[in-house]
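Taking it in order: structure first as structure tokens, then the write-up.
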Amino acid sequence: MTHGLRMPPDVMRELAKHVTEILVERRRGLPADRAWDGEFKQDLAERLMEDPPEAGRPPREVIDRAVRDVLSPAMRLDHPRAFGFIPSEPTWPGVLADYLATGFNVNAATWLTASGSSQLETVVIDWFRRWLGYPDTAGGVMTSGGSAAALDAFVAAREAAGHPAQATVYMGDQCHSAQARAARIIGIRPDRVRVLPTGPDFRVDPGVLASAVAADRAAGCTPIAVCADAGSTSTGAVDPLDAIADYCAAEGIWLHVDAAHGGFAALTEPGARLLRGIERADSIGMDPHKWLFQPYEAGCLLVKDVRTLERAFAIHHDVLQDSVWGANHPNQTDRGLQLSRRDRALKIWMSVQIFGVAAFRAAVAEGIELAERAARHVADSPVLELMTPASLGIVCFRVNPDGGALDDGALHQLNRKVLARVFWEERAFMSSTLLRRKFALRMCVINHSTTWDDVRETLETIERLGRNALAGRAAS
Ligand SMILES: Cc1ncc(COP(=O)(O)O)c(C=O)c1O
């Protein structure tokens, strides 16, 4: 062997210890650090754009460079003050499980290649099934995330509908763009992805859905799927799942629920109340890499009747004939897009085994409560205006002092300025959205290390920045 791609055990161990030390120290120091870091393209290109070295470099030097130039200029999604987009704070057992699974290089495509991981995926999916109150005919597949879950769901829906030529798909205007993209990828023409105007509460009105479907049927189209939101990314709003399920059942249309953000709220009593009706969907996408505190990539698609997935995806291939092995085993590759696939269940299983479900339930409940407390703070503030009630850990608001002398255009500029100051100068990270074209600051509070002080101090910072921006406006 002359190629030199192996390392002696003591070097392997020493490097792994070095990486562990880096990760543990990073975690320890994170709260005192900023929640965001980034570099402009030109600076990073100068540092990283080079020919690969012909001869290897010292491993510690390479690792330290990766940490400095690659991994550090990034949003720290696991920071206690990461409130932008959908943050993500993986548990340490989840991180270790990914390391373990990568080290074992398991390919969870088939039972033959990975029977333990295949069984564990079935176990974890069965946990999710029970948490959602889904029937025991249900099953599913772990995916890279909510986008892939939607893609697989729409393929199953299309096949269940007999692959009609003029297929249409329906979703509210608060649905994540990942859903519309998934519909396009499976071949639904963009003008047949119907984006329905939601009501004042940002939820789909089943009457609007029914009118759109009726018009399409009259025009010769075949509705193949409705995608309902179980926690929209902008506001956390949940579509009326029971009413939409009634409608879809009566019309024979596949109901997919995008619970990528909100699904794990089902672990809590208030969350379960909000998500009532989800158990009637034909399919549900949910992301453990969001509110189940797992490292990327951990998504999941559950379908009410697992055979609908297998009918859509299983294809016999001679070269894989040996993977039908023993009796009664699923091959997870028959349930979705991927053949080669990493083990995505181990991190969930190890985290839940080590901490217990109660700890996850409490952490999710805390996110819900902190967002509600944030909404109360905003409602009491003379500087801030609450734009949507807290829902599933998300609250939207803007700087708009009492009296409301500024119009929406001026408030847009003002709030953008405040957000930019938070972004560049403060320890917290927030992002924004548009609510009926009104600019809104958006706080998503789902990280398990976030405390009320993190939330309160961030809101107070925004109040201070808002007052300063107003004073600057008045002076100019
Ligand atoms: C509600 C919702 N659905 C779907 C997605 C897409 O999921 P993923 O990024 O895991 O593909 C997101 C991402 O934030 C989301 O918030």
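Chain identifiers are assigned as A, B, and so on, following the order in which chains appear in the structure tokens; residues are numbered from 1 within each chain, and ligands are numbered from 1 in order of appearance.
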Exercise for the section: Enumerate residues in contact with ligand 1: an atom-to-atom distance of at most 10 Å, counting only C-alpha atoms and all ligand atoms. Format the result as a ChimeraX atom specification. Expected result: /A:85-87,143-151,174-179,182,228-237,257-263,285-290,296-300
Exercise for the section: Determine, counting only C-alpha atoms, which protein, DNA and RNA residues have an atom within 8 Å of an atom of stretch 199-207 of chain A; residues of the same chain fewer than 2 positions away are not included. Present the result as a count of residues only. Expected result: 17
Practice task
For A:Trp36, list every protein, DNA or RNA residue within 7 Å, evaluated using only C-alpha atoms, and leave out those in the same chain fewer than 3 positions away; present the list as an NGL selection string.
Solution key: :A and (74-76 or 429)
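Taking atom CA of A:Thr20 and atom CA of A:Ser351 as endpoints, the distance between them is 17.9 Å.
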Problem - Contacts of A:Met443 within 9 Å, only C-alpha atoms, excl. fewer than 4 positions in-chain, as a PyMOL selection string - result: chain A and resi 82-85+371+374+393-397+430-432+455
Residues of the last selection are to be written out with C-alpha atoms, as a JSON list (two decimals), in the first residue's frame.
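Output saved as selection-v4.json:
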[["chain", "number", "residue", "atom", "x", "y", "z"],
["A", 82, "ALA", "CA", -30.12, 32.96, 17.44],
["A", 83, "PHE", "CA", -33.68, 34.06, 16.68],
["A", 84, "GLY", "CA", -33.50, 34.37, 12.89],
["A", 85, "PHE", "CA", -35.08, 32.05, 10.33],
["A", 371, "ALA", "CA", -42.29, 33.45, 22.48],
["A", 374, "ALA", "CA", -41.91, 38.01, 24.18],
["A", 393, "GLY", "CA", -42.30, 29.81, 19.13],
["A", 394, "ILE", "CA", -42.57, 32.62, 16.55],
["A", 395, "VAL", "CA", -43.60, 36.23, 17.11],
["A", 396, "CYS", "CA", -43.62, 39.14, 14.62],
["A", 397, "PHE", "CA", -43.46, 42.79, 15.56],
["A", 430, "MET", "CA", -32.83, 38.21, 14.09],
["A", 431, "SER", "CA", -34.40, 38.08, 10.67],
["A", 432, "SER", "CA", -37.44, 39.68, 9.07],
["A", 455, "VAL", "CA", -35.16, 37.21, 24.81]]
Practice task
Check the DSSP output for the backbone and give back, as a ChimeraX atom specification, the residues of stretch 99-287 of chain A in helix (DSSP H, G or I).
Solution key: /A:99-104,115-132,146-160,177-185,190-192,206-218,241-251,263-267,269-274,278-280
Sorted per-residue table, stretch 133-171 of chain A near stretch 302-306 of chain A, closest atoms and distance, 7 Å, only C-alpha atoms, as a Markdown table:
| residue | atom | partner | partner_atom | distance |
| --- | --- | --- | --- | --- |
| A:Tyr134 | CA | A:Lys304 | CA | 7.0 |
| A:Pro135 | CA | A:Lys304 | CA | 6.8 |
| A:Thr137 | CA | A:Asp305 | CA | 5.4 |
| A:Ala138 | CA | A:Lys304 | CA | 4.2 |
| A:Gly139 | CA | A:Val306 | CA | 4.9 |
| A:Gly140 | CA | A:Leu302 | CA | 4.3 |
| A:Val141 | CA | A:Leu302 | CA | 6.7 |
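Atom CA of A:Val19 is positioned 25.3 Å from atom CA of A:Glu46.
Our summary of the geometry notes that atom CA of A:Leu30 is positioned 10.5 Å from atom CA of A:Ser449.
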Handout entry: Filtered DSSP result for stretch 389-434 of chain A, state strand (DSSP E), as a ChimeraX atom specification
Key = /A:389-391,394-399,431-434
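Distances from A:Ala167, A:Leu337, A:Val422, A:Ala108 to A:Ala35 were compared using only C-alpha atoms, and the smallest one belongs to A:Val422.
Minimum distance to A:Val62 across A:Ala212, A:Ala32, A:Leu339, A:Leu15 (counting only C-alpha atoms) occurs at A:Leu15.
Counting only C-alpha atoms and comparing A:Ala265, A:Leu320, A:Ile462, A:Ala440, the residue that lies closest to A:Arg427 is A:Ile462.
Of the listed residues A:Phe355, A:Trp424, A:Trp111, A:Trp254, the one whose atoms come nearest to A:Ala281 is A:Trp254, with distances taken using only C-alpha atoms.
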